[in-house]
Amino acid sequence: MAQELNGKTALVTGATGGLGRAICARLAQAGASVIAADLPQAPIAALVATLGAGSRALHLDVTREEQWQAAFQTCEEDGQKVDILVNNAGIFTPNIPFADMPFDVWKKHFAVNADGTFLGCREAIRHMRGRGGAIVNIASSMGLVALAEAGAYCASKAAVLMTTRVAARSGGPDGIRVNAVLPGAVPTDMLMGNLQAGQQESDLLGTLASYAAMGRLARPEDIAEAVLMLAGPGAAAISGVALPVDCGTIPGG
Ligand SMILES: NC(=O)c1ccc[n+]([C@@H]2O[C@H](COP(=O)([O-])OP(=O)(O)OC[C@H]3O[C@@H](n4cnc5c(N)ncnc54)[C@H](O)[C@@H]3O)[C@@H](O)[C@H]2O)c1
């Protein structure tokens with residue numbers, strides 16, 4: 001197996017979630033030291049134990065500016081340079097008609113999905129200045145489509161896409177690349193939150209798979225592979241792109 005990230009340090013937010021685990025595992029397998037970041041109540045230590053030497057846990061609420069600043073400051077004080085940031089933490093509260101959307105639910109989606117990504121990009125660009133780096137934002141195919149019952153999620157993920165492009169413009173002169181991965185539906189706890197009362201998991205997954213040209217859903221490992229590709233040296237000239245990883249669900253397939 002190629003070790004294309006040997007000597008690199010990667011910070012992954014939302015590390016213990018369905019996609020976060022797969023991303024951490026793939027980056028570690030490619031040789032990176034992984035800083036696995038998540039909320040304090042998340043089982044980060046157990047995850048880190050699977051990632052090998054050089055990896056460590058970090059408590060980071062992505063909505064908290066001072067926690068982002070402290071995270072990068074601690075790295076600098078320890079002589080550790082973050083080469084790769086994966087802004088993966090996210091939330092999704094499904095099945096809320098737009099006209100019934102509580103304002104606090106709307107704001108919470110923007111706080112985690114959009115503000116969290118902005119803060120991560122900004123702090124990483126400050127930290128990576130003068131030596132380059134790669135940022136991968138986990139957006140969503142739902143940032144491109146308008147679903148009336150997922151308005152806060154769709155709108156906050158659309159913000160992630162523009163933040164990616166703006167950050168790519170900002171970081172480009174310093175050799176900092178910023179790209180987005182757009183997963184389609186991937187079976188994780190977040191996706192299973194879409195189950196309607198009485199609906200079987202297999203029915204939901206089958207319906208979602210039927211929208212894909214390939215007739216299946218992407219797995220967490222498929223998303224992790226795309227993150228590795230965009231974070232690694234093979235993507236040295238790629239910045240500002242939004243890469244769907246959805247087995248051919250969008251656009252117009
Ligand atoms: N699963 C899908 O179908 C799918 C599709 C498209 C995009 N995505 C995106 O992929 C990313 C990962 O999703 P997942 O399916 O693994 O979800 P998940 O619910 O399994 O994991 C989400 C993770 O984010 C963490 N998190 C939540 N709020 C946080 C905060 N304020 N600070 C730090 N961490 C926080 C959680 O603790 C959890 O570890 C999200 O950004 C999500 O929007 C998922």
# chains A, B, ... in the order shown; residues from 1 in each chain; ligands from 1

call {"tool": "closest_atom_pairs", "arguments": {"of": "region 85-169 of chain A", "to": "region 221-228 of chain A", "cutoff": "12 Å", "atoms": "only C-alpha atoms", "output": "tab-separated table"}}
result
residue	atom	partner	partner_atom	distance
A:Leu85	CA	A:Val227	CA	10.2
A:Val86	CA	A:Val227	CA	8.0
A:Asn87	CA	A:Val227	CA	10.6
A:Asn88	CA	A:Val227	CA	10.2
A:Ala134	CA	A:Val227	CA	10.2
A:Ile135	CA	A:Val227	CA	9.4
A:Val136	CA	A:Val227	CA	6.6
A:Asn137	CA	A:Val227	CA	8.8
A:Ile138	CA	A:Val227	CA	8.7
A:Ala139	CA	A:Ile223	CA	11.2
A:Ser140	CA	A:Ile223	CA	11.1

call {"tool": "residues_near_ligand", "arguments": {"ligand": "ligand 1", "cutoff": "6 Å", "atoms": "only C-alpha atoms and all ligand atoms", "output": "PDB file with all heavy atoms, in the first residue's frame"}}
result
ATOM      1  N   THR A  13     -11.915  16.561  11.755  1.00  0.00           N
ATOM      2  CA  THR A  13     -12.985  16.882  12.714  1.00  0.00           C
ATOM      3  C   THR A  13     -14.133  15.870  12.564  1.00  0.00           C
ATOM      4  O   THR A  13     -14.250  15.194  11.544  1.00  0.00           O
ATOM      5  CB  THR A  13     -13.526  18.308  12.510  1.00  0.00           C
ATOM      6  OG1 THR A  13     -14.241  18.367  11.264  1.00  0.00           O
ATOM      7  CG2 THR A  13     -12.409  19.335  12.524  1.00  0.00           C
ATOM      8  N   GLY A  14     -14.944  15.787  13.588  1.00  0.00           N
ATOM      9  CA  GLY A  14     -16.034  14.802  13.559  1.00  0.00           C
ATOM     10  C   GLY A  14     -15.480  13.407  13.366  1.00  0.00           C
ATOM     11  O   GLY A  14     -16.095  12.551  12.710  1.00  0.00           O
ATOM     12  N   ALA A  15     -14.318  13.146  14.003  1.00  0.00           N
ATOM     13  CA  ALA A  15     -13.521  11.957  13.681  1.00  0.00           C
ATOM     14  C   ALA A  15     -14.196  10.645  14.032  1.00  0.00           C
ATOM     15  O   ALA A  15     -13.921   9.620  13.405  1.00  0.00           O
ATOM     16  CB  ALA A  15     -12.160  12.047  14.391  1.00  0.00           C
ATOM     17  N   THR A  16     -15.076  10.648  15.036  1.00  0.00           N
ATOM     18  CA  THR A  16     -15.640   9.369  15.476  1.00  0.00           C
ATOM     19  C   THR A  16     -16.948   9.023  14.764  1.00  0.00           C
ATOM     20  O   THR A  16     -17.545   7.984  15.045  1.00  0.00           O
ATOM     21  CB  THR A  16     -15.891   9.348  17.002  1.00  0.00           C
ATOM     22  OG1 THR A  16     -16.968  10.238  17.300  1.00  0.00           O
ATOM     23  CG2 THR A  16     -14.655   9.746  17.777  1.00  0.00           C
ATOM     24  N   GLY A  17     -17.404   9.878  13.860  1.00  0.00           N
ATOM     25  CA  GLY A  17     -18.636   9.588  13.127  1.00  0.00           C
ATOM     26  C   GLY A  17     -18.386   8.555  12.039  1.00  0.00           C
ATOM     27  O   GLY A  17     -17.261   8.066  11.838  1.00  0.00           O
ATOM     28  N   GLY A  18     -19.451   8.236  11.310  1.00  0.00           N
ATOM     29  CA  GLY A  18     -19.357   7.190  10.292  1.00  0.00           C
ATOM     30  C   GLY A  18     -18.316   7.488   9.230  1.00  0.00           C
ATOM     31  O   GLY A  18     -17.504   6.622   8.866  1.00  0.00           O
ATOM     32  N   LEU A  19     -18.310   8.701   8.709  1.00  0.00           N
ATOM     33  CA  LEU A  19     -17.324   9.050   7.687  1.00  0.00           C
ATOM     34  C   LEU A  19     -15.979   9.395   8.323  1.00  0.00           C
ATOM     35  O   LEU A  19     -14.921   9.065   7.777  1.00  0.00           O
ATOM     36  CB  LEU A  19     -17.809  10.229   6.838  1.00  0.00           C
ATOM     37  CG  LEU A  19     -19.119  10.033   6.084  1.00  0.00           C
ATOM     38  CD1 LEU A  19     -19.341  11.160   5.089  1.00  0.00           C
ATOM     39  CD2 LEU A  19     -19.162   8.699   5.380  1.00  0.00           C
ATOM     40  N   GLY A  20     -16.019  10.057   9.478  1.00  0.00           N
ATOM     41  CA  GLY A  20     -14.776  10.466  10.140  1.00  0.00           C
ATOM     42  C   GLY A  20     -13.863   9.281  10.427  1.00  0.00           C
ATOM     43  O   GLY A  20     -12.653   9.337  10.196  1.00  0.00           O
ATOM     44  N   ASP A  38     -12.973  15.662  17.981  1.00  0.00           N
ATOM     45  CA  ASP A  38     -14.436  15.529  18.082  1.00  0.00           C
ATOM     46  C   ASP A  38     -14.870  16.164  19.395  1.00  0.00           C
ATOM     47  O   ASP A  38     -14.049  16.661  20.184  1.00  0.00           O
ATOM     48  CB  ASP A  38     -14.855  14.053  18.003  1.00  0.00           C
ATOM     49  CG  ASP A  38     -16.235  13.875  17.343  1.00  0.00           C
ATOM     50  OD1 ASP A  38     -17.144  14.666  17.656  1.00  0.00           O
ATOM     51  OD2 ASP A  38     -16.390  12.943  16.538  1.00  0.00           O
ATOM     52  N   LEU A  39     -16.172  16.155  19.640  1.00  0.00           N
ATOM     53  CA  LEU A  39     -16.723  16.690  20.880  1.00  0.00           C
ATOM     54  C   LEU A  39     -16.230  15.844  22.061  1.00  0.00           C
ATOM     55  O   LEU A  39     -15.926  14.651  21.892  1.00  0.00           O
ATOM     56  CB  LEU A  39     -18.252  16.664  20.813  1.00  0.00           C
ATOM     57  CG  LEU A  39     -18.871  17.586  19.742  1.00  0.00           C
ATOM     58  CD1 LEU A  39     -20.359  17.271  19.580  1.00  0.00           C
ATOM     59  CD2 LEU A  39     -18.662  19.049  20.097  1.00  0.00           C
ATOM     60  N   ALA A  42     -17.518  12.279  22.641  1.00  0.00           N
ATOM     61  CA  ALA A  42     -17.324  11.279  21.584  1.00  0.00           C
ATOM     62  C   ALA A  42     -16.198  10.306  21.971  1.00  0.00           C
ATOM     63  O   ALA A  42     -15.262  10.694  22.677  1.00  0.00           O
ATOM     64  CB  ALA A  42     -16.979  11.981  20.268  1.00  0.00           C
ATOM     65  N   LEU A  60     -12.517  19.130  20.251  1.00  0.00           N
ATOM     66  CA  LEU A  60     -12.724  20.351  19.465  1.00  0.00           C
ATOM     67  C   LEU A  60     -14.183  20.439  19.051  1.00  0.00           C
ATOM     68  O   LEU A  60     -14.676  19.625  18.274  1.00  0.00           O
ATOM     69  CB  LEU A  60     -11.822  20.324  18.214  1.00  0.00           C
ATOM     70  CG  LEU A  60     -12.041  21.450  17.204  1.00  0.00           C
ATOM     71  CD1 LEU A  60     -11.704  22.812  17.801  1.00  0.00           C
ATOM     72  CD2 LEU A  60     -11.190  21.209  15.945  1.00  0.00           C
ATOM     73  N   ASP A  61     -14.851  21.450  19.596  1.00  0.00           N
ATOM     74  CA  ASP A  61     -16.191  21.809  19.127  1.00  0.00           C
ATOM     75  C   ASP A  61     -15.968  22.804  17.992  1.00  0.00           C
ATOM     76  O   ASP A  61     -15.484  23.923  18.234  1.00  0.00           O
ATOM     77  CB  ASP A  61     -16.988  22.438  20.282  1.00  0.00           C
ATOM     78  CG  ASP A  61     -18.391  22.867  19.852  1.00  0.00           C
ATOM     79  OD1 ASP A  61     -18.626  23.073  18.641  1.00  0.00           O
ATOM     80  OD2 ASP A  61     -19.247  23.022  20.737  1.00  0.00           O
ATOM     81  N   VAL A  62     -16.323  22.419  16.783  1.00  0.00           N
ATOM     82  CA  VAL A  62     -15.959  23.243  15.625  1.00  0.00           C
ATOM     83  C   VAL A  62     -16.675  24.585  15.591  1.00  0.00           C
ATOM     84  O   VAL A  62     -16.306  25.457  14.809  1.00  0.00           O
ATOM     85  CB  VAL A  62     -16.201  22.484  14.291  1.00  0.00           C
ATOM     86  CG1 VAL A  62     -15.359  21.225  14.221  1.00  0.00           C
ATOM     87  CG2 VAL A  62     -17.684  22.185  14.069  1.00  0.00           C
ATOM     88  N   THR A  63     -17.680  24.758  16.428  1.00  0.00           N
ATOM     89  CA  THR A  63     -18.396  26.044  16.455  1.00  0.00           C
ATOM     90  C   THR A  63     -17.683  27.067  17.337  1.00  0.00           C
ATOM     91  O   THR A  63     -18.102  28.223  17.377  1.00  0.00           O
ATOM     92  CB  THR A  63     -19.840  25.880  16.980  1.00  0.00           C
ATOM     93  OG1 THR A  63     -19.806  25.555  18.369  1.00  0.00           O
ATOM     94  CG2 THR A  63     -20.590  24.802  16.224  1.00  0.00           C
ATOM     95  N   ASN A  88     -14.851  17.731   8.545  1.00  0.00           N
ATOM     96  CA  ASN A  88     -15.842  16.673   8.334  1.00  0.00           C
ATOM     97  C   ASN A  88     -17.031  16.772   9.291  1.00  0.00           C
ATOM     98  O   ASN A  88     -18.109  16.269   8.980  1.00  0.00           O
ATOM     99  CB  ASN A  88     -15.136  15.310   8.500  1.00  0.00           C
ATOM    100  CG  ASN A  88     -16.110  14.166   8.624  1.00  0.00           C
ATOM    101  OD1 ASN A  88     -16.784  13.805   7.655  1.00  0.00           O
ATOM    102  ND2 ASN A  88     -16.206  13.596   9.826  1.00  0.00           N
ATOM    103  N   ALA A  89     -16.854  17.415  10.450  1.00  0.00           N
ATOM    104  CA  ALA A  89     -17.945  17.472  11.433  1.00  0.00           C
ATOM    105  C   ALA A  89     -19.187  18.084  10.791  1.00  0.00           C
ATOM    106  O   ALA A  89     -19.098  19.042  10.025  1.00  0.00           O
ATOM    107  CB  ALA A  89     -17.527  18.309  12.637  1.00  0.00           C
ATOM    108  N   GLY A  90     -20.334  17.517  11.094  1.00  0.00           N
ATOM    109  CA  GLY A  90     -21.562  18.069  10.537  1.00  0.00           C
ATOM    110  C   GLY A  90     -22.771  17.546  11.272  1.00  0.00           C
ATOM    111  O   GLY A  90     -22.694  16.535  11.980  1.00  0.00           O
ATOM    112  N   ILE A  91     -23.884  18.247  11.118  1.00  0.00           N
ATOM    113  CA  ILE A  91     -25.153  17.782  11.690  1.00  0.00           C
ATOM    114  C   ILE A  91     -26.255  17.894  10.642  1.00  0.00           C
ATOM    115  O   ILE A  91     -26.167  18.703   9.707  1.00  0.00           O
ATOM    116  CB  ILE A  91     -25.575  18.578  12.946  1.00  0.00           C
ATOM    117  CG1 ILE A  91     -25.728  20.069  12.628  1.00  0.00           C
ATOM    118  CG2 ILE A  91     -24.602  18.360  14.088  1.00  0.00           C
ATOM    119  CD1 ILE A  91     -26.496  20.835  13.699  1.00  0.00           C
ATOM    120  N   VAL A 112     -22.543  24.656  12.975  1.00  0.00           N
ATOM    121  CA  VAL A 112     -21.656  23.487  12.844  1.00  0.00           C
ATOM    122  C   VAL A 112     -21.156  23.351  11.401  1.00  0.00           C
ATOM    123  O   VAL A 112     -19.947  23.275  11.157  1.00  0.00           O
ATOM    124  CB  VAL A 112     -22.387  22.193  13.282  1.00  0.00           C
ATOM    125  CG1 VAL A 112     -21.463  20.982  13.114  1.00  0.00           C
ATOM    126  CG2 VAL A 112     -22.863  22.306  14.725  1.00  0.00           C
ATOM    127  N   ILE A 138     -15.920  18.470   3.835  1.00  0.00           N
ATOM    128  CA  ILE A 138     -16.969  17.511   3.498  1.00  0.00           C
ATOM    129  C   ILE A 138     -18.280  18.285   3.387  1.00  0.00           C
ATOM    130  O   ILE A 138     -18.868  18.687   4.392  1.00  0.00           O
ATOM    131  CB  ILE A 138     -17.074  16.386   4.549  1.00  0.00           C
ATOM    132  CG1 ILE A 138     -15.695  15.725   4.757  1.00  0.00           C
ATOM    133  CG2 ILE A 138     -18.112  15.356   4.094  1.00  0.00           C
ATOM    134  CD1 ILE A 138     -15.084  15.075   3.534  1.00  0.00           C
ATOM    135  N   ALA A 139     -18.674  18.520   2.154  1.00  0.00           N
ATOM    136  CA  ALA A 139     -19.932  19.223   1.880  1.00  0.00           C
ATOM    137  C   ALA A 139     -21.027  18.172   1.756  1.00  0.00           C
ATOM    138  O   ALA A 139     -21.104  17.246   2.560  1.00  0.00           O
ATOM    139  CB  ALA A 139     -19.777  20.066   0.617  1.00  0.00           C
ATOM    140  N   SER A 140     -21.859  18.266   0.739  1.00  0.00           N
ATOM    141  CA  SER A 140     -22.904  17.258   0.517  1.00  0.00           C
ATOM    142  C   SER A 140     -23.531  17.516  -0.843  1.00  0.00           C
ATOM    143  O   SER A 140     -23.620  18.671  -1.280  1.00  0.00           O
ATOM    144  CB  SER A 140     -23.995  17.358   1.591  1.00  0.00           C
ATOM    145  OG  SER A 140     -25.094  16.521   1.253  1.00  0.00           O
ATOM    146  N   PRO A 183     -20.396  13.970  -0.613  1.00  0.00           N
ATOM    147  CA  PRO A 183     -20.960  12.620  -0.552  1.00  0.00           C
ATOM    148  C   PRO A 183     -22.436  12.668  -0.942  1.00  0.00           C
ATOM    149  O   PRO A 183     -23.139  13.635  -0.660  1.00  0.00           O
ATOM    150  CB  PRO A 183     -20.818  12.234   0.931  1.00  0.00           C
ATOM    151  CG  PRO A 183     -19.865  13.238   1.525  1.00  0.00           C
ATOM    152  CD  PRO A 183     -20.032  14.477   0.707  1.00  0.00           C
ATOM    153  N   GLY A 184     -22.879  11.601  -1.591  1.00  0.00           N
ATOM    154  CA  GLY A 184     -24.318  11.365  -1.693  1.00  0.00           C
ATOM    155  C   GLY A 184     -24.747  10.695  -0.401  1.00  0.00           C
ATOM    156  O   GLY A 184     -24.100  10.850   0.641  1.00  0.00           O
ATOM    157  N   ALA A 185     -25.822   9.943  -0.432  1.00  0.00           N
ATOM    158  CA  ALA A 185     -26.251   9.223   0.769  1.00  0.00           C
ATOM    159  C   ALA A 185     -25.251   8.109   1.080  1.00  0.00           C
ATOM    160  O   ALA A 185     -24.915   7.311   0.206  1.00  0.00           O
ATOM    161  CB  ALA A 185     -27.635   8.629   0.542  1.00  0.00           C
ATOM    162  N   VAL A 186     -24.742   8.104   2.318  1.00  0.00           N
ATOM    163  CA  VAL A 186     -23.802   7.078   2.769  1.00  0.00           C
ATOM    164  C   VAL A 186     -24.357   6.496   4.069  1.00  0.00           C
ATOM    165  O   VAL A 186     -24.687   7.263   4.990  1.00  0.00           O
ATOM    166  CB  VAL A 186     -22.403   7.679   3.042  1.00  0.00           C
ATOM    167  CG1 VAL A 186     -21.405   6.565   3.376  1.00  0.00           C
ATOM    168  CG2 VAL A 186     -21.912   8.490   1.863  1.00  0.00           C
ATOM    169  N   PRO A 187     -24.464   5.166   4.168  1.00  0.00           N
ATOM    170  CA  PRO A 187     -25.054   4.590   5.389  1.00  0.00           C
ATOM    171  C   PRO A 187     -24.209   4.881   6.633  1.00  0.00           C
ATOM    172  O   PRO A 187     -23.156   4.278   6.838  1.00  0.00           O
ATOM    173  CB  PRO A 187     -25.089   3.078   5.095  1.00  0.00           C
ATOM    174  CG  PRO A 187     -24.973   2.973   3.616  1.00  0.00           C
ATOM    175  CD  PRO A 187     -24.147   4.146   3.175  1.00  0.00           C
ATOM    176  N   THR A 188     -24.637   5.839   7.424  1.00  0.00           N
ATOM    177  CA  THR A 188     -24.034   6.160   8.723  1.00  0.00           C
ATOM    178  C   THR A 188     -25.195   6.506   9.661  1.00  0.00           C
ATOM    179  O   THR A 188     -26.345   6.572   9.225  1.00  0.00           O
ATOM    180  CB  THR A 188     -23.107   7.397   8.641  1.00  0.00           C
ATOM    181  OG1 THR A 188     -23.924   8.541   8.331  1.00  0.00           O
ATOM    182  CG2 THR A 188     -22.010   7.253   7.605  1.00  0.00           C
ATOM    183  N   ASP A 189     -24.865   6.798  10.924  1.00  0.00           N
ATOM    184  CA  ASP A 189     -25.921   7.200  11.869  1.00  0.00           C
ATOM    185  C   ASP A 189     -26.692   8.399  11.333  1.00  0.00           C
ATOM    186  O   ASP A 189     -27.910   8.507  11.510  1.00  0.00           O
ATOM    187  CB  ASP A 189     -25.311   7.573  13.228  1.00  0.00           C
ATOM    188  CG  ASP A 189     -24.806   6.352  13.960  1.00  0.00           C
ATOM    189  OD1 ASP A 189     -25.110   5.228  13.523  1.00  0.00           O
ATOM    190  OD2 ASP A 189     -24.092   6.532  14.971  1.00  0.00           O
ATOM    191  N   MET A 190     -25.946   9.334  10.700  1.00  0.00           N
ATOM    192  CA  MET A 190     -26.626  10.534  10.199  1.00  0.00           C
ATOM    193  C   MET A 190     -27.687  10.166   9.173  1.00  0.00           C
ATOM    194  O   MET A 190     -28.822  10.643   9.229  1.00  0.00           O
ATOM    195  CB  MET A 190     -25.614  11.496   9.575  1.00  0.00           C
ATOM    196  CG  MET A 190     -26.256  12.738   8.999  1.00  0.00           C
ATOM    197  SD  MET A 190     -25.092  13.870   8.243  1.00  0.00           S
ATOM    198  CE  MET A 190     -24.328  14.610   9.675  1.00  0.00           C
ATOM    199  N   LEU A 191     -27.342   9.291   8.242  1.00  0.00           N
ATOM    200  CA  LEU A 191     -28.308   8.920   7.205  1.00  0.00           C
ATOM    201  C   LEU A 191     -29.497   8.195   7.828  1.00  0.00           C
ATOM    202  O   LEU A 191     -30.653   8.419   7.440  1.00  0.00           O
ATOM    203  CB  LEU A 191     -27.648   8.031   6.148  1.00  0.00           C
ATOM    204  CG  LEU A 191     -28.551   7.742   4.950  1.00  0.00           C
ATOM    205  CD1 LEU A 191     -28.718   8.981   4.086  1.00  0.00           C
ATOM    206  CD2 LEU A 191     -28.010   6.600   4.111  1.00  0.00           C
TER     207      LEU A 191
END

call {"tool": "atom_distance", "arguments": {"atom1": "CA of Thr117 (chain A)", "atom2": "CA of Gly234 (chain A)"}}
result
23.7 Å

call {"tool": "closest_residue", "arguments": {"among": "A:Leu119, A:Ala32, A:Ala242, A:Ala114", "to": "Ala53 (chain A)", "atoms": "only C-alpha atoms"}}
result
A:Ala32

call {"tool": "closest_residue", "arguments": {"among": "A:Leu217, A:Ala25, A:Val181, A:Ala167", "to": "Ala124 (chain A)", "atoms": "only C-alpha atoms"}}
result
A:Ala167

call {"tool": "select_by_dssp", "arguments": {"residues": "region 87-239 of chain A", "states": "helix (DSSP H, G or I)", "output": "PyMOL selection string"}}
result
chain A and resi 98-100+103-128+141-143+151-174+189-192+201-210+220-231+233-235

call {"tool": "closest_residue", "arguments": {"among": "A:Thr164, A:Met192, A:Met214, A:Asn179", "to": "Ile238 (chain A)", "atoms": "only C-alpha atoms"}}
result
A:Asn179

call {"tool": "select_by_dssp", "arguments": {"residues": "region 22-87 of chain A", "states": "strand (DSSP E or B)", "output": "VMD selection string"}}
result
chain A and resid 33 to 38 56 to 59 84 to 87

call {"tool": "atom_distance", "arguments": {"atom1": "CA of Gly198 (chain A)", "atom2": "CA of Cys247 (chain A)"}}
result
27.4 Å

call {"tool": "closest_residue", "arguments": {"among": "A:Leu144, A:Glu123, A:Asp78, A:Ser156", "to": "Trp106 (chain A)", "atoms": "only C-alpha atoms"}}
result
A:Ser156

call {"tool": "closest_residue", "arguments": {"among": "A:Lys107, A:Arg21, A:Arg126, A:Lys81", "to": "Leu47 (chain A)", "atoms": "only C-alpha atoms"}}
result
A:Arg21

call {"tool": "atom_distance", "arguments": {"atom1": "CA of Leu11 (chain A)", "atom2": "CA of Asp83 (chain A)"}}
result
8.2 Å

call {"tool": "residues_around", "arguments": {"residues": "Asn194 (chain A)", "least_positions_apart": "6", "cutoff": "10 Å", "atoms": "only C-alpha atoms", "output": "PyMOL selection string"}}
result
chain A and resi 92-95+201+204

call {"tool": "write_last_selection", "arguments": {"atoms": "N, CA, C and O atoms", "output": "PDB file, in the first residue's frame"}}
result
ATOM      1  N   PHE A  92     -27.271  17.072  10.830  1.00  0.00           N
ATOM      2  CA  PHE A  92     -28.417  17.085   9.918  1.00  0.00           C
ATOM      3  C   PHE A  92     -29.657  16.669  10.698  1.00  0.00           C
ATOM      4  O   PHE A  92     -29.740  15.564  11.217  1.00  0.00           O
ATOM      5  N   THR A  93     -30.606  17.569  10.820  1.00  0.00           N
ATOM      6  CA  THR A  93     -31.903  17.237  11.410  1.00  0.00           C
ATOM      7  C   THR A  93     -32.905  17.159  10.268  1.00  0.00           C
ATOM      8  O   THR A  93     -33.226  18.184   9.654  1.00  0.00           O
ATOM      9  N   PRO A  94     -33.359  15.945   9.923  1.00  0.00           N
ATOM     10  CA  PRO A  94     -34.206  15.778   8.732  1.00  0.00           C
ATOM     11  C   PRO A  94     -35.685  16.032   9.007  1.00  0.00           C
ATOM     12  O   PRO A  94     -36.106  16.175  10.167  1.00  0.00           O
ATOM     13  N   ASN A  95     -36.417  16.048   7.924  1.00  0.00           N
ATOM     14  CA  ASN A  95     -37.889  16.015   7.959  1.00  0.00           C
ATOM     15  C   ASN A  95     -38.520  17.196   8.690  1.00  0.00           C
ATOM     16  O   ASN A  95     -39.437  17.038   9.488  1.00  0.00           O
ATOM     17  N   GLU A 201     -34.914  -0.011   7.515  1.00  0.00           N
ATOM     18  CA  GLU A 201     -33.629   0.491   6.995  1.00  0.00           C
ATOM     19  C   GLU A 201     -33.415   0.090   5.545  1.00  0.00           C
ATOM     20  O   GLU A 201     -32.976   0.882   4.714  1.00  0.00           O
ATOM     21  N   LEU A 204     -35.309   2.289   3.060  1.00  0.00           N
ATOM     22  CA  LEU A 204     -34.685   3.602   2.864  1.00  0.00           C
ATOM     23  C   LEU A 204     -33.436   3.466   1.989  1.00  0.00           C
ATOM     24  O   LEU A 204     -33.266   4.201   1.014  1.00  0.00           O
TER      25      LEU A 204
END

call {"tool": "residues_around", "arguments": {"residues": "Gly133 (chain A)", "least_positions_apart": "5", "cutoff": "9 Å", "atoms": "only C-alpha atoms", "output": "PyMOL selection string"}}
result
chain A and resi 82-85+124-125+128+171+174-178+231

call {"tool": "write_last_selection", "arguments": {"atoms": "all heavy atoms", "output": "compact mmCIF listing (two decimals), in the first residue's frame"}}
result
# COMPACT_ATOMS: atom_id res chain seq x y z
N VAL A 82 0.33 21.06 11.10
CA VAL A 82 -0.79 20.39 10.43
C VAL A 82 -0.65 20.64 8.93
O VAL A 82 -0.62 21.77 8.48
CB VAL A 82 -2.14 20.92 10.96
CG1 VAL A 82 -3.30 20.30 10.19
CG2 VAL A 82 -2.28 20.64 12.45
N ASP A 83 -0.54 19.55 8.17
CA ASP A 83 -0.40 19.65 6.72
C ASP A 83 -1.73 19.49 6.01
O ASP A 83 -1.90 19.95 4.88
CB ASP A 83 0.55 18.55 6.21
CG ASP A 83 1.89 18.58 6.92
OD1 ASP A 83 2.64 19.54 6.68
OD2 ASP A 83 2.17 17.66 7.72
N ILE A 84 -2.66 18.78 6.68
CA ILE A 84 -3.95 18.44 6.05
C ILE A 84 -5.04 18.70 7.09
O ILE A 84 -4.93 18.25 8.24
CB ILE A 84 -3.98 16.96 5.64
CG1 ILE A 84 -2.92 16.67 4.56
CG2 ILE A 84 -5.38 16.53 5.17
CD1 ILE A 84 -2.56 15.20 4.44
N LEU A 85 -6.07 19.42 6.69
CA LEU A 85 -7.26 19.57 7.55
C LEU A 85 -8.46 19.00 6.81
O LEU A 85 -8.70 19.36 5.64
CB LEU A 85 -7.52 21.05 7.87
CG LEU A 85 -8.88 21.33 8.53
CD1 LEU A 85 -8.95 20.71 9.94
CD2 LEU A 85 -9.16 22.83 8.60
N ALA A 124 -6.56 27.16 9.58
CA ALA A 124 -5.58 26.32 8.88
C ALA A 124 -4.76 27.16 7.90
O ALA A 124 -3.54 26.98 7.80
CB ALA A 124 -6.30 25.19 8.14
N ILE A 125 -5.41 28.09 7.21
CA ILE A 125 -4.67 28.92 6.27
C ILE A 125 -3.63 29.77 7.01
O ILE A 125 -2.48 29.90 6.58
CB ILE A 125 -5.65 29.78 5.43
CG1 ILE A 125 -6.36 28.88 4.41
CG2 ILE A 125 -4.92 30.93 4.74
CD1 ILE A 125 -7.48 29.56 3.64
N MET A 128 -0.84 27.31 7.94
CA MET A 128 -0.11 26.69 6.82
C MET A 128 0.66 27.70 5.97
O MET A 128 1.43 27.30 5.09
CB MET A 128 -1.10 25.93 5.91
CG MET A 128 -1.73 24.72 6.54
SD MET A 128 -3.09 24.08 5.49
CE MET A 128 -3.56 22.61 6.41
N GLY A 171 -5.98 30.86 -0.10
CA GLY A 171 -4.79 30.07 0.24
C GLY A 171 -3.87 29.79 -0.93
O GLY A 171 -2.70 29.44 -0.73
N ASP A 174 -0.19 30.82 -1.23
CA ASP A 174 0.70 30.16 -0.27
C ASP A 174 0.79 28.65 -0.50
O ASP A 174 1.29 27.92 0.36
CB ASP A 174 0.20 30.41 1.16
CG ASP A 174 0.54 31.81 1.64
OD1 ASP A 174 1.73 32.17 1.59
OD2 ASP A 174 -0.38 32.55 2.01
N GLY A 175 0.28 28.20 -1.64
CA GLY A 175 0.35 26.76 -1.92
C GLY A 175 -0.60 25.95 -1.07
O GLY A 175 -0.39 24.75 -0.85
N ILE A 176 -1.65 26.59 -0.59
CA ILE A 176 -2.66 25.88 0.22
C ILE A 176 -3.84 25.57 -0.69
O ILE A 176 -4.47 26.47 -1.24
CB ILE A 176 -3.11 26.73 1.42
CG1 ILE A 176 -1.90 27.10 2.28
CG2 ILE A 176 -4.16 25.98 2.24
CD1 ILE A 176 -2.16 28.23 3.26
N ARG A 177 -4.10 24.28 -0.85
CA ARG A 177 -5.21 23.85 -1.71
C ARG A 177 -6.45 23.57 -0.86
O ARG A 177 -6.34 23.03 0.23
CB ARG A 177 -4.81 22.58 -2.48
CG ARG A 177 -3.58 22.76 -3.35
CD ARG A 177 -3.24 21.51 -4.13
NE ARG A 177 -2.96 20.36 -3.29
CZ ARG A 177 -3.80 19.38 -3.01
NH1 ARG A 177 -5.03 19.38 -3.53
NH2 ARG A 177 -3.45 18.37 -2.25
N VAL A 178 -7.60 23.99 -1.38
CA VAL A 178 -8.85 23.78 -0.63
C VAL A 178 -9.88 23.18 -1.60
O VAL A 178 -10.18 23.78 -2.64
CB VAL A 178 -9.40 25.09 -0.04
CG1 VAL A 178 -10.55 24.80 0.92
CG2 VAL A 178 -8.31 25.87 0.69
N ALA A 231 -6.24 15.21 -0.76
CA ALA A 231 -5.25 15.68 0.23
C ALA A 231 -3.83 15.35 -0.20
O ALA A 231 -2.88 15.96 0.29
CB ALA A 231 -5.54 15.03 1.59
